[in-house]
file protein04.cif (mmCIF, C-alpha atoms (C1' of nucleotides))
data_coords
loop_
_atom_site.label_atom_id
_atom_site.label_comp_id
_atom_site.auth_asym_id
_atom_site.auth_seq_id
_atom_site.Cartn_x
_atom_site.Cartn_y
_atom_site.Cartn_z
CA MET N 1 -19.48 1.37 28.33
CA GLY N 2 -15.87 1.40 29.31
CA HIS N 3 -13.40 0.75 26.56
CA ALA N 4 -9.89 -0.60 26.32
CA PRO N 5 -7.08 1.85 26.90
CA GLY N 6 -4.76 0.20 24.35
CA ARG N 7 -4.15 1.22 20.78
CA ARG N 8 -5.98 -1.40 18.71
CA PRO N 9 -9.07 -3.41 19.75
CA LEU N 10 -8.59 -5.95 22.50
CA ARG N 11 -8.83 -9.60 21.80
CA ALA N 12 -12.28 -10.95 22.62
CA ASP N 13 -11.29 -12.74 25.84
CA ALA N 14 -9.31 -9.74 27.08
CA ARG N 15 -12.24 -7.49 26.45
CA ARG N 16 -14.52 -9.85 28.36
CA ASN N 17 -12.21 -9.86 31.35
CA TYR N 18 -11.88 -6.09 31.24
CA ASP N 19 -15.64 -5.75 31.52
CA LEU N 20 -15.90 -8.40 34.22
CA VAL N 21 -13.40 -6.50 36.33
CA VAL N 22 -15.15 -3.18 35.87
CA GLY N 23 -18.44 -4.78 36.87
CA ALA N 24 -16.97 -6.39 39.96
CA ALA N 25 -15.23 -3.16 40.89
CA ARG N 26 -18.48 -1.26 40.65
CA GLU N 27 -20.06 -3.62 43.17
CA VAL N 28 -17.13 -3.80 45.54
CA PHE N 29 -16.47 -0.05 45.55
CA ALA N 30 -20.15 0.55 46.25
CA ASP N 31 -19.97 -1.88 49.16
CA GLN N 32 -16.69 -0.93 50.71
CA GLY N 33 -15.60 2.40 49.26
CA VAL N 34 -12.75 3.23 46.90
CA GLY N 35 -10.20 1.84 49.30
CA ALA N 36 -11.39 -1.73 48.79
CA SER N 37 -8.94 -4.53 48.09
CA LEU N 38 -8.10 -5.00 44.44
CA GLU N 39 -7.56 -8.69 45.04
CA GLU N 40 -11.10 -8.94 46.30
CA ILE N 41 -12.28 -7.32 43.09
CA ALA N 42 -10.26 -9.75 40.96
CA ARG N 43 -11.63 -12.62 43.00
CA ARG N 44 -15.21 -11.50 42.53
CA ALA N 45 -14.62 -10.97 38.82
CA GLY N 46 -13.21 -14.49 38.57
CA VAL N 47 -9.86 -13.42 37.12
CA GLY N 48 -6.33 -13.54 38.46
CA SER N 49 -4.99 -10.45 40.13
CA ALA N 50 -2.32 -10.15 37.45
CA THR N 51 -5.05 -9.69 34.87
CA LEU N 52 -6.60 -6.90 36.84
CA HIS N 53 -3.25 -5.16 37.21
CA ARG N 54 -2.45 -5.53 33.54
CA HIS N 55 -5.68 -3.88 32.44
CA PHE N 56 -5.65 -1.25 35.17
CA PRO N 57 -2.11 -0.23 36.05
CA SER N 58 -3.30 1.86 38.98
CA ARG N 59 -6.31 2.05 41.25
CA ARG N 60 -7.04 5.42 39.72
CA VAL N 61 -7.46 4.03 36.22
CA LEU N 62 -9.93 1.44 37.48
CA ILE N 63 -11.88 4.08 39.35
CA GLU N 64 -12.12 6.17 36.19
CA ALA N 65 -13.41 3.21 34.23
CA VAL N 66 -16.07 2.50 36.85
CA ALA N 67 -17.20 6.11 37.10
CA HIS N 68 -17.12 6.87 33.41
CA ASP N 69 -20.82 6.39 32.70
CA HIS N 70 -22.00 8.30 35.74
CA VAL N 71 -19.73 11.18 34.90
CA GLU N 72 -20.96 11.24 31.35
CA THR N 73 -24.58 11.62 32.41
CA LEU N 74 -23.56 14.21 34.96
CA CYS N 75 -21.96 16.29 32.25
CA ALA N 76 -24.97 15.88 30.03
CA LYS N 77 -27.01 17.21 32.91
CA ALA N 78 -24.81 20.30 32.94
CA GLU N 79 -25.94 21.10 29.43
CA VAL N 80 -29.57 20.60 30.36
CA ARG N 81 -29.18 22.88 33.36
CA ALA N 82 -27.56 25.51 31.16
CA ARG N 83 -30.37 25.32 28.65
CA GLU N 84 -33.24 25.40 31.10
CA ASN N 85 -32.10 27.84 33.77
CA GLU N 86 -30.63 31.27 34.25
CA PRO N 87 -26.84 31.05 34.35
CA GLY N 88 -26.54 31.54 38.12
CA PRO N 89 -29.14 28.98 39.18
CA ALA N 90 -27.86 26.62 36.51
CA LEU N 91 -24.41 26.60 38.06
CA PHE N 92 -25.70 26.26 41.60
CA ALA N 93 -28.08 23.46 40.70
CA TRP N 94 -25.37 21.57 38.90
CA LEU N 95 -22.99 21.95 41.80
CA ARG N 96 -25.66 20.28 43.89
CA ASP N 97 -25.98 17.51 41.30
CA LEU N 98 -22.25 17.01 41.42
CA ASN N 99 -22.21 17.08 45.19
CA ASP N 100 -25.01 14.53 45.42
CA TYR N 101 -23.14 12.19 43.14
CA ALA N 102 -19.87 12.76 44.96
CA VAL N 103 -21.43 11.99 48.33
CA SER N 104 -23.25 8.90 47.12
CA SER N 105 -20.29 7.46 45.26
CA ARG N 106 -18.39 6.30 48.35
CA GLY N 107 -15.29 8.29 47.42
CA LEU N 108 -15.18 7.54 43.71
CA ALA N 109 -15.91 11.09 42.67
CA ALA N 110 -13.59 12.59 45.24
CA SER N 111 -10.84 10.38 43.93
CA ILE N 112 -11.41 11.51 40.39
CA LEU N 113 -11.60 15.18 41.28
CA HIS N 114 -8.58 15.00 43.52
CA ASP N 115 -5.54 13.37 42.13
CA GLY N 116 -6.49 13.48 38.50
CA GLN N 117 -4.55 16.70 38.08
CA ASP N 118 -1.24 15.32 36.91
CA ALA N 119 -1.22 14.38 33.26
CA ASP N 120 -1.64 10.72 34.16
CA LEU N 121 -2.85 8.23 31.61
CA LEU N 122 -5.76 10.33 30.44
CA GLU N 123 -7.03 8.86 27.24
CA GLU N 124 -6.88 11.89 25.00
CA ASP N 125 -10.58 11.82 24.14
CA HIS N 126 -12.38 12.18 27.45
CA GLY N 127 -11.00 11.33 30.87
CA CYS N 128 -13.55 11.83 33.63
CA GLN N 129 -11.53 14.58 35.17
CA VAL N 130 -11.41 16.50 31.90
CA MET N 131 -15.10 16.11 31.14
CA ILE N 132 -16.07 17.46 34.52
CA ILE N 133 -13.79 20.44 34.42
CA HIS N 134 -15.05 21.40 30.97
CA ALA N 135 -18.63 21.28 32.20
CA ALA N 136 -17.79 23.31 35.28
CA ARG N 137 -15.85 25.92 33.36
CA GLU N 138 -18.66 26.50 30.91
CA LEU N 139 -21.31 26.90 33.60
CA LEU N 140 -19.06 29.18 35.61
CA ARG N 141 -18.22 31.33 32.60
CA ARG N 142 -21.88 31.95 31.90
CA ALA N 143 -22.67 32.68 35.51
CA GLN N 144 -19.84 35.18 35.76
CA ARG N 145 -20.99 36.93 32.59
CA THR N 146 -24.28 37.81 34.24
CA ASP N 147 -22.57 38.67 37.52
CA ALA N 148 -24.32 35.82 39.28
CA VAL N 149 -20.95 34.78 40.68
CA ARG N 150 -18.12 36.91 41.99
CA PRO N 151 -15.21 37.34 39.61
CA GLY N 152 -11.95 35.70 40.66
CA ILE N 153 -13.61 32.38 41.38
CA ARG N 154 -11.97 29.49 39.51
CA ALA N 155 -13.58 26.32 38.27
CA GLU N 156 -10.79 24.18 39.74
CA ASP N 157 -11.53 25.68 43.14
CA LEU N 158 -15.20 24.83 42.89
CA LEU N 159 -14.40 21.25 42.04
CA ALA N 160 -11.81 21.01 44.79
CA LEU N 161 -14.41 22.33 47.20
CA VAL N 162 -17.00 19.77 46.20
CA ALA N 163 -14.42 17.00 46.35
CA ALA N 164 -13.37 18.13 49.79
CA ILE N 165 -16.93 18.40 51.03
CA SER N 166 -17.85 14.97 49.79
CA LEU N 167 -14.76 13.49 51.40
CA ALA N 168 -15.76 14.98 54.71
CA ALA N 169 -19.23 13.56 54.28
CA VAL N 170 -17.96 10.11 53.33
CA HIS N 171 -15.86 10.09 56.42
CA HIS N 172 -18.60 11.33 58.70
CA ALA N 173 -21.16 9.17 56.93
CA ASP N 174 -23.35 12.26 57.04
CA GLY N 175 -24.99 13.39 53.84
CA GLU N 176 -26.84 16.26 55.46
CA GLN N 177 -23.66 17.93 56.52
CA ALA N 178 -22.47 17.88 52.92
CA GLY N 179 -25.59 19.81 51.95
CA ARG N 180 -24.95 22.45 54.59
CA LEU N 181 -21.32 22.81 53.60
CA LEU N 182 -22.25 23.23 49.97
CA ASP N 183 -24.75 25.91 50.95
CA ILE N 184 -21.95 27.79 52.64
CA ALA N 185 -19.74 27.42 49.59
CA ILE N 186 -22.45 28.61 47.22
CA GLU N 187 -23.21 31.55 49.43
CA GLY N 188 -19.49 32.24 49.35
CA ILE N 189 -19.23 32.52 45.60
CA ARG N 190 -22.25 34.74 45.07
CA PRO N 191 -21.63 38.45 44.79
CA ARG N 192 -22.31 40.66 47.78
CA GLN N 193 -25.04 42.60 45.99
CA GLU N 194 -27.50 40.74 43.82
CA PRO N 195 -27.30 42.03 40.23
CA MET U 1 4.43 17.16 76.39
CA GLY U 2 2.54 13.99 75.66
CA HIS U 3 1.57 11.89 78.62
CA ALA U 4 0.80 8.27 79.20
CA PRO U 5 -2.74 7.14 78.54
CA GLY U 6 -2.77 4.53 81.35
CA ARG U 7 -4.10 4.90 84.84
CA ARG U 8 -0.97 5.20 86.97
CA PRO U 9 2.43 6.58 85.94
CA LEU U 10 4.37 4.51 83.43
CA ARG U 11 7.51 2.77 84.42
CA ALA U 12 10.59 4.77 83.52
CA ASP U 13 11.63 2.66 80.54
CA ALA U 14 8.10 2.56 79.16
CA ARG U 15 7.85 6.30 79.43
CA ARG U 16 11.15 6.69 77.62
CA ASN U 17 9.98 4.49 74.77
CA TYR U 18 6.67 6.32 74.57
CA ASP U 19 8.51 9.58 74.06
CA LEU U 20 10.92 8.07 71.57
CA VAL U 21 8.03 6.85 69.46
CA VAL U 22 6.24 10.19 69.54
CA GLY U 23 9.45 11.92 68.48
CA ALA U 24 10.06 9.52 65.62
CA ALA U 25 6.44 9.78 64.54
CA ARG U 26 6.69 13.55 64.43
CA GLU U 27 9.61 13.30 62.02
CA VAL U 28 8.20 10.57 59.85
CA PHE U 29 4.73 12.09 59.59
CA ALA U 30 6.31 15.40 58.61
CA ASP U 31 8.33 13.64 55.92
CA GLN U 32 5.74 11.30 54.50
CA GLY U 33 2.34 12.39 55.74
CA VAL U 34 -0.05 10.70 58.18
CA GLY U 35 -0.23 7.59 56.06
CA ALA U 36 3.38 6.66 56.79
CA SER U 37 4.30 3.14 57.86
CA LEU U 38 4.09 2.53 61.59
CA GLU U 39 6.90 -0.01 61.32
CA GLU U 40 9.11 2.67 59.86
CA ILE U 41 8.32 4.83 62.87
CA ALA U 42 9.13 2.03 65.30
CA ARG U 43 12.35 1.37 63.41
CA ARG U 44 13.40 4.98 63.58
CA ALA U 45 12.51 5.15 67.26
CA GLY U 46 14.63 2.08 67.89
CA VAL U 47 11.83 0.01 69.44
CA GLY U 48 10.00 -3.11 68.33
CA SER U 49 6.76 -2.65 66.50
CA ALA U 50 4.93 -4.44 69.30
CA THR U 51 5.98 -1.68 71.66
CA LEU U 52 4.58 0.96 69.39
CA HIS U 53 1.28 -0.88 69.08
CA ARG U 54 1.00 -1.40 72.82
CA HIS U 55 1.40 2.30 73.57
CA PHE U 56 -0.69 3.46 70.64
CA PRO U 57 -3.47 1.00 69.88
CA SER U 58 -4.44 2.88 66.73
CA ARG U 59 -2.85 5.26 64.28
CA ARG U 60 -5.28 7.88 65.48
CA VAL U 61 -4.03 7.79 69.06
CA LEU U 62 -0.46 8.27 67.88
CA ILE U 63 -1.49 11.18 65.68
CA GLU U 64 -3.20 12.83 68.63
CA ALA U 65 -0.10 12.43 70.75
CA VAL U 66 2.06 14.00 68.05
CA ALA U 67 -0.29 16.90 67.43
CA HIS U 68 -1.13 17.61 71.04
CA ASP U 69 1.30 20.49 71.58
CA HIS U 70 0.49 22.23 68.34
CA VAL U 71 -3.19 22.01 69.04
CA GLU U 72 -2.72 23.41 72.50
CA THR U 73 -0.96 26.51 71.22
CA LEU U 74 -3.57 26.86 68.51
CA CYS U 75 -6.31 26.94 71.10
CA ALA U 76 -4.37 29.42 73.18
CA LYS U 77 -4.22 31.58 70.07
CA ALA U 78 -7.99 31.47 69.89
CA GLU U 79 -8.19 33.18 73.25
CA VAL U 80 -5.70 35.81 72.17
CA ARG U 81 -7.68 36.48 69.00
CA ALA U 82 -10.86 36.80 71.03
CA ARG U 83 -9.25 39.28 73.42
CA GLU U 84 -7.60 41.47 70.81
CA ASN U 85 -10.14 41.60 67.97
CA GLU U 86 -13.78 42.23 67.28
CA PRO U 87 -15.71 38.96 67.38
CA GLY U 88 -16.09 38.63 63.60
CA PRO U 89 -12.49 39.26 62.65
CA ALA U 90 -11.36 37.15 65.60
CA LEU U 91 -13.21 34.12 64.25
CA PHE U 92 -12.04 34.67 60.70
CA ALA U 93 -8.42 35.18 61.71
CA TRP U 94 -8.46 32.05 63.83
CA LEU U 95 -9.97 30.02 61.03
CA ARG U 96 -6.99 31.11 58.97
CA ASP U 97 -4.66 30.09 61.77
CA LEU U 98 -6.33 26.71 61.89
CA ASN U 99 -6.23 26.35 58.15
CA ASP U 100 -2.54 27.24 58.00
CA TYR U 101 -1.75 24.61 60.57
CA ALA U 102 -3.97 22.05 58.88
CA VAL U 103 -2.31 22.59 55.52
CA SER U 104 1.21 22.49 56.90
CA SER U 105 0.64 19.43 59.03
CA ARG U 106 0.67 16.92 56.17
CA GLY U 107 -2.75 15.55 57.08
CA LEU U 108 -2.34 15.39 60.85
CA ALA U 109 -4.92 18.06 61.53
CA ALA U 110 -7.35 16.74 58.97
CA SER U 111 -7.11 13.35 60.62
CA ILE U 112 -7.87 14.80 64.02
CA LEU U 113 -10.77 16.89 62.80
CA HIS U 114 -12.22 14.07 60.76
CA ASP U 115 -12.63 10.78 62.44
CA GLY U 116 -12.38 11.97 66.00
CA GLN U 117 -16.14 12.16 66.21
CA ASP U 118 -16.89 8.75 67.67
CA ALA U 119 -16.28 8.55 71.40
CA ASP U 120 -12.95 6.82 70.80
CA LEU U 121 -10.30 6.62 73.48
CA LEU U 122 -10.48 10.29 74.30
CA GLU U 123 -8.69 10.85 77.57
CA GLU U 124 -11.39 12.63 79.48
CA ASP U 125 -9.32 15.74 80.19
CA HIS U 126 -8.47 17.14 76.75
CA GLY U 127 -8.37 15.23 73.50
CA CYS U 128 -7.23 17.39 70.59
CA GLN U 129 -10.58 17.09 68.91
CA VAL U 130 -12.38 18.37 72.00
CA MET U 131 -10.03 21.28 72.59
CA ILE U 132 -10.44 22.51 69.05
CA ILE U 133 -14.19 22.27 69.01
CA HIS U 134 -14.44 24.18 72.27
CA ALA U 135 -12.29 26.96 70.86
CA ALA U 136 -14.30 27.09 67.66
CA ARG U 137 -17.64 27.11 69.42
CA GLU U 138 -16.67 29.99 71.66
CA LEU U 139 -15.40 32.16 68.81
CA LEU U 140 -18.45 31.37 66.72
CA ARG U 141 -20.84 32.15 69.58
CA ARG U 142 -19.33 35.59 70.00
CA ALA U 143 -19.33 36.30 66.30
CA GLN U 144 -22.97 35.31 65.98
CA ARG U 145 -23.92 37.56 68.91
CA THR U 146 -22.72 40.58 67.02
CA ASP U 147 -24.25 39.34 63.77
CA ALA U 148 -20.84 39.05 62.17
CA VAL U 149 -21.79 35.54 61.07
CA ARG U 150 -25.07 34.26 59.72
CA PRO U 151 -27.18 32.31 62.20
CA GLY U 152 -27.59 28.62 61.44
CA ILE U 153 -23.88 28.07 60.96
CA ARG U 154 -22.49 25.30 63.16
CA ALA U 155 -19.03 25.00 64.63
CA GLU U 156 -18.77 21.38 63.50
CA ASP U 157 -19.42 22.48 59.96
CA LEU U 158 -16.67 25.07 60.08
CA LEU U 159 -14.20 22.48 61.31
CA ALA U 160 -15.31 19.97 58.72
CA LEU U 161 -14.84 22.61 56.07
CA VAL U 162 -11.32 23.44 57.17
CA ALA U 163 -10.45 19.76 57.42
CA ALA U 164 -11.81 19.18 53.95
CA ILE U 165 -9.99 22.16 52.48
CA SER U 166 -6.70 21.15 54.01
CA LEU U 167 -7.13 17.62 52.71
CA ALA U 168 -7.65 18.95 49.22
CA ALA U 169 -4.55 21.09 49.58
CA VAL U 170 -2.46 18.23 50.93
CA HIS U 171 -3.46 16.19 47.95
CA HIS U 172 -2.84 18.92 45.42
CA ALA U 173 0.29 20.02 47.29
CA ASP U 174 -1.05 23.51 46.76
CA GLY U 175 -1.20 25.81 49.76
CA GLU U 176 -2.46 28.79 47.81
CA GLN U 177 -5.57 26.99 46.74
CA ALA U 178 -6.37 26.29 50.37
CA GLY U 179 -6.27 30.02 51.02
CA ARG U 180 -8.69 30.72 48.18
CA LEU U 181 -11.06 28.00 49.30
CA LEU U 182 -11.06 29.33 52.84
CA ASP U 183 -11.83 32.80 51.49
CA ILE U 184 -14.87 31.38 49.77
CA ALA U 185 -15.95 29.63 52.94
CA ILE U 186 -15.53 32.75 55.06
CA GLU U 187 -17.43 34.81 52.53
CA GLY U 188 -20.09 32.15 52.74
CA ILE U 189 -20.65 32.40 56.47
CA ARG U 190 -20.81 36.18 56.63
CA PRO U 191 -24.25 37.77 56.61
CA ARG U 192 -25.53 39.27 53.38
CA GLN U 193 -25.72 42.78 54.84
CA GLU U 194 -22.90 43.98 57.07
CA PRO U 195 -24.29 44.86 60.50
"C1'" DA A 1 21.16 -5.10 99.69
"C1'" DG A 2 18.76 -8.69 97.55
"C1'" DA A 3 14.86 -11.24 96.19
"C1'" DG A 4 10.18 -11.30 94.38
"C1'" DT A 5 6.88 -9.55 91.30
"C1'" DA A 6 4.56 -7.15 87.92
"C1'" DA A 7 5.47 -4.23 84.05
"C1'" DC A 8 7.54 -4.03 79.93
"C1'" DT A 9 10.11 -5.61 75.77
"C1'" DG A 10 11.02 -7.19 70.86
"C1'" DG A 11 11.65 -11.13 67.65
"C1'" DA A 12 8.98 -14.16 65.24
"C1'" DG A 13 4.82 -15.17 62.96
"C1'" DA A 14 -0.08 -14.86 61.00
"C1'" DG A 15 -2.83 -12.84 57.76
"C1'" DC A 16 -3.52 -9.11 54.91
"C1'" DC A 17 -2.17 -6.37 50.70
"C1'" DA A 18 -0.18 -4.57 45.80
"C1'" DC A 19 2.41 -5.86 42.22
"C1'" DC A 20 5.36 -8.92 39.03
"C1'" DC A 21 7.29 -13.04 36.50
"C1'" DC A 22 6.77 -16.61 33.39
"C1'" DA A 23 5.23 -21.20 31.70
"C1'" DG A 24 1.24 -22.36 29.66
"C1'" DT A 25 -3.20 -21.41 27.09
"C1'" DT A 26 -6.17 -19.38 23.61
"C1'" DG A 27 -8.01 -16.24 20.03
"C1'" DT A 28 -6.88 -14.74 15.38
"C1'" DC A 29 -5.55 -14.61 10.74
"C1'" DA A 30 -3.01 -16.38 6.71
"C1'" DT R 1 -5.32 -25.89 10.04
"C1'" DG R 2 -1.21 -24.34 11.78
"C1'" DA R 3 1.66 -20.76 13.75
"C1'" DC R 4 2.17 -16.83 16.36
"C1'" DA R 5 1.15 -13.04 19.16
"C1'" DA R 6 -1.91 -11.84 22.78
"C1'" DC R 7 -3.46 -13.03 26.89
"C1'" DT R 8 -3.86 -15.67 31.30
"C1'" DG R 9 -3.40 -16.88 36.38
"C1'" DG R 10 -0.69 -19.46 39.96
"C1'" DG R 11 2.75 -18.47 42.72
"C1'" DG R 12 6.42 -15.49 44.52
"C1'" DT R 13 8.26 -11.10 46.66
"C1'" DG R 14 8.23 -7.75 49.82
"C1'" DG R 15 5.70 -4.62 52.71
"C1'" DC R 16 2.11 -3.70 55.87
"C1'" DT R 17 -0.63 -4.07 60.61
"C1'" DC R 18 -1.21 -6.35 64.61
"C1'" DT R 19 -0.50 -10.34 68.16
"C1'" DC R 20 1.75 -13.87 71.06
"C1'" DC R 21 4.99 -15.12 74.42
"C1'" DA R 22 9.54 -16.20 76.48
"C1'" DG R 23 12.73 -13.34 78.31
"C1'" DT R 24 14.32 -8.91 80.54
"C1'" DT R 25 14.06 -4.96 83.56
"C1'" DA R 26 12.51 -1.57 86.84
"C1'" DC R 27 10.28 -0.78 90.97
"C1'" DT R 28 9.05 -2.50 96.13
"C1'" DC R 29 9.20 -4.57 100.39
"C1'" DT R 30 11.77 -6.44 103.96
#
call {"tool": "encode", "arguments": {"input": "protein04.cif", "output": "structure tokens"}}
result
Amino acid sequence: MGHAPGRRPLRADARRNYDLVVGAAREVFADQGVGASLEEIARRAGVGSATLHRHFPSRRVLIEAVAHDHVETLCAKAEVRARENEPGPALFAWLRDLNDYAVSSRGLAASILHDGQDADLLEEDHGCQVMIIHAARELLRRAQRTDAVRPGIRAEDLLALVAAISLAAVHHADGEQAGRLLDIAIEGIRPRQEP
Amino acid sequence: MGHAPGRRPLRADARRNYDLVVGAAREVFADQGVGASLEEIARRAGVGSATLHRHFPSRRVLIEAVAHDHVETLCAKAEVRARENEPGPALFAWLRDLNDYAVSSRGLAASILHDGQDADLLEEDHGCQVMIIHAARELLRRAQRTDAVRPGIRAEDLLALVAAISLAAVHHADGEQAGRLLDIAIEGIRPRQEP
DNA sequence: AGAGTAACTGGAGAGCCACCCCAGTTGTCA
DNA sequence: TGACAACTGGGGTGGCTCTCCAGTTACTCT
């Protein structure tokens, strides 16, 4: 589960409120997208808005807390894909996993992939952003070793592409389009001649 | 230049205010992106915010008015590209033109390409959205005729892709990445074997 | 020209929002 | 159990979008 960002363990009541907010945020974001009102989230969690803002100094931090579990399983899936498939197909399949999550998450994933770049308040251990890029880099490295992907492709670009595609899909409310766009992108990173 | 949306010609003062607002919006959007405050725009134009809202019932309509000229020249460029190049290269070059504009427009173009889908308040003659999709369709049709582009690719998907890429770039403030992503996309729509 | 009329205006206000301050409350630990 | 630091939430600030309406201003008709 999510954990406190602070140095030493939170007091019991603070911890309880932290979790209440994350739970409420999960519901509200799912309903209304990542743009939803933070006051609404505080209201549904039954805490004052000041409490929400103290625990989560920016919308981004709250989004990370909500997405943390999903992202963790997604990265675990990357390892499974790597173990059970050839490097090329492993990467492509995982990109589809990522894309599916990104499209279904109502903008959560796009948010994480997007503006997480700057050295924000990433807890040193494992911010969502960092976990995902590690997973992507590893899969890409393997795929490039076997020439299943053109050289010169960067992991950051792949993630940016998926984020962008899912944003388009969220806006158009059209999951099928996201699939087609990802197909184009995957076709675009494969080498001209199959190895 | 922009023109009034209403049925019969605007009164002289109304017309003057309309143009003042569009001018101010052009500046403010360029400074701060498409998310900028509409009140700030009204302030800079020297009109009340009610006046702005009467002329432009939604942010989207104002964005269209601001972008109209740019989009017109972009579509003219499409015809030039078609006349002076082979169909494949013409499409690819124009996609780069579009992408360059989209990236430099601070989100204007992405806005137009995105949520313009629903039958909004498009003036029947030529909404920006419509002009662009016509241009794209024509270039794509020609390219597909000569097998310079895989069949099954849709014009809407190309536009969504460019919109998405430019959004990513706007967010990352990284124009080079947009170029790389577009390269991937273009590689992805070309046929496996050159004709 | 001058009056009548419809078009147009902007200040003021309603209802949102994010974010902050601080007096009061509540866990925690000696 | 008492004392203190951690934590809380009501209420305030300032900004946003969008609307209402009393007043102003440009066209029009004689």
call {"tool": "atom_distance", "arguments": {"input": "protein04.cif", "atom1": "atom CA of U:Ala50", "atom2": "atom C1' of A:DA7"}}
result
14.8 Å
call {"tool": "residues_around", "arguments": {"input": "protein04.cif", "residues": "A:DC8", "least_positions_apart": "6", "cutoff": "12 Å", "atoms": "all atoms listed in the file", "output": "list in words"}}
result
Leu10, Arg11, Ala12, Asp13, Ala14, Arg15, Arg16, Asn17, Tyr18, Gly48, Ala50, Thr51, Arg54 and His55 of chain U; DG23, DT24, DT25, DA26 and DC27 of chain R
call {"tool": "atom_distance", "arguments": {"input": "protein04.cif", "atom1": "atom CA of U:Gln32", "atom2": "atom CA of U:Met131"}}
result
26.0 Å
call {"tool": "interface_residues", "arguments": {"input": "protein04.cif", "of": "chain R", "to": "chain N", "cutoff": "9 Å", "atoms": "all atoms listed in the file", "output": "VMD selection string"}}
result
chain R and resid 6 to 10
call {"tool": "write_last_selection", "arguments": {"input": "protein04.cif", "atoms": "C-alpha atoms (C1' of nucleotides)", "output": "mmCIF file, in the frame of the given file"}}
result
data_model
loop_
_atom_site.group_PDB
_atom_site.id
_atom_site.type_symbol
_atom_site.label_atom_id
_atom_site.label_comp_id
_atom_site.auth_asym_id
_atom_site.auth_seq_id
_atom_site.Cartn_x
_atom_site.Cartn_y
_atom_site.Cartn_z
ATOM 1 C "C1'" DA R 6 -1.910 -11.840 22.780
ATOM 2 C "C1'" DC R 7 -3.460 -13.030 26.890
ATOM 3 C "C1'" DT R 8 -3.860 -15.670 31.300
ATOM 4 C "C1'" DG R 9 -3.400 -16.880 36.380
ATOM 5 C "C1'" DG R 10 -0.690 -19.460 39.960
#
call {"tool": "resolve_selection", "arguments": {"input": "protein04.cif", "expression": "the PyMOL selection byres ((chain N and resi 151-159) around 6)", "output": "NGL selection string"}}
result
:N and (136-137 or 150 or 160-162)
call {"tool": "atom_distance", "arguments": {"input": "protein04.cif", "atom1": "atom CA of U:Leu108", "atom2": "atom CA of U:Gly188"}}
result
25.7 Å
call {"tool": "closest_atom_pairs", "arguments": {"input": "protein04.cif", "of": "chain U", "to": "chain N", "cutoff": "9 Å", "atoms": "only C-alpha atoms", "output": "Markdown table"}}
result
| residue | atom | partner | partner_atom | distance |
| --- | --- | --- | --- | --- |
| U:His114 | CA | N:His171 | CA | 6.9 |
| U:Asp115 | CA | N:His171 | CA | 6.9 |
| U:Gln117 | CA | N:His172 | CA | 7.9 |
| U:Ile153 | CA | N:Ile184 | CA | 8.5 |
| U:Asp157 | CA | N:Leu181 | CA | 6.6 |
| U:Leu158 | CA | N:Leu181 | CA | 8.3 |
| U:Ala160 | CA | N:Ala168 | CA | 6.4 |
| U:Leu161 | CA | N:Ile165 | CA | 6.9 |
| U:Ala163 | CA | N:Ala168 | CA | 7.6 |
| U:Ala164 | CA | N:Ala164 | CA | 4.6 |
| U:Ile165 | CA | N:Ala164 | CA | 5.9 |
| U:Ser166 | CA | N:Ala164 | CA | 8.5 |
| U:Leu167 | CA | N:Ala164 | CA | 6.9 |
| U:Ala168 | CA | N:Ala164 | CA | 5.8 |
| U:Ala169 | CA | N:Ala160 | CA | 8.7 |
| U:His171 | CA | N:Asp115 | CA | 6.8 |
| U:His172 | CA | N:Asp115 | CA | 7.0 |
| U:Gln177 | CA | N:Asp157 | CA | 7.1 |
| U:Ala178 | CA | N:Asp157 | CA | 8.9 |
| U:Arg180 | CA | N:Asp157 | CA | 7.7 |
| U:Leu181 | CA | N:Asp157 | CA | 6.6 |
| U:Asp183 | CA | N:Gly188 | CA | 8.0 |
| U:Ile184 | CA | N:Gly188 | CA | 4.7 |
| U:Ala185 | CA | N:Ala185 | CA | 5.5 |
| U:Ile186 | CA | N:Gly188 | CA | 7.0 |
| U:Glu187 | CA | N:Gly188 | CA | 4.6 |
| U:Gly188 | CA | N:Gly188 | CA | 3.4 |
| U:Ile189 | CA | N:Ile184 | CA | 6.1 |
| U:Arg190 | CA | N:Gly188 | CA | 8.4 |
| U:Arg192 | CA | N:Arg192 | CA | 6.6 |
| U:Gln193 | CA | N:Arg192 | CA | 8.1 |
call {"tool": "resolve_selection", "arguments": {"input": "protein04.cif", "expression": "the PyMOL selection byres ((chain A) within 9 of (chain N))", "output": "list in words"}}
result
DC17, DA18, DC19, DC20, DT26, DG27 and DT28 of chain A
call {"tool": "resolve_selection", "arguments": {"input": "protein04.cif", "expression": "the PyMOL selection byres ((chain U and resi 82-91) around 6)", "output": "PyMOL selection string"}}
result
chain U and resi 79-81+92-94+139+142-143+148
call {"tool": "residues_around", "arguments": {"input": "protein04.cif", "residues": "U:Asp31", "least_positions_apart": "2", "cutoff": "12 Å", "atoms": "all atoms listed in the file", "output": "compact mmCIF listing (two decimals) with C-alpha atoms, keeping the file's coordinate frame"}}
result
# COMPACT_ATOMS: atom_id res chain seq x y z
CA ALA U 24 10.06 9.52 65.62
CA ALA U 25 6.44 9.78 64.54
CA ARG U 26 6.69 13.55 64.43
CA GLU U 27 9.61 13.30 62.02
CA VAL U 28 8.20 10.57 59.85
CA PHE U 29 4.73 12.09 59.59
CA GLY U 33 2.34 12.39 55.74
CA VAL U 34 -0.05 10.70 58.18
CA GLY U 35 -0.23 7.59 56.06
CA ALA U 36 3.38 6.66 56.79
CA SER U 37 4.30 3.14 57.86
CA GLU U 40 9.11 2.67 59.86
CA ILE U 41 8.32 4.83 62.87
CA SER U 104 1.21 22.49 56.90
CA SER U 105 0.64 19.43 59.03
CA ARG U 106 0.67 16.92 56.17
CA GLY U 107 -2.75 15.55 57.08
CA LEU U 108 -2.34 15.39 60.85
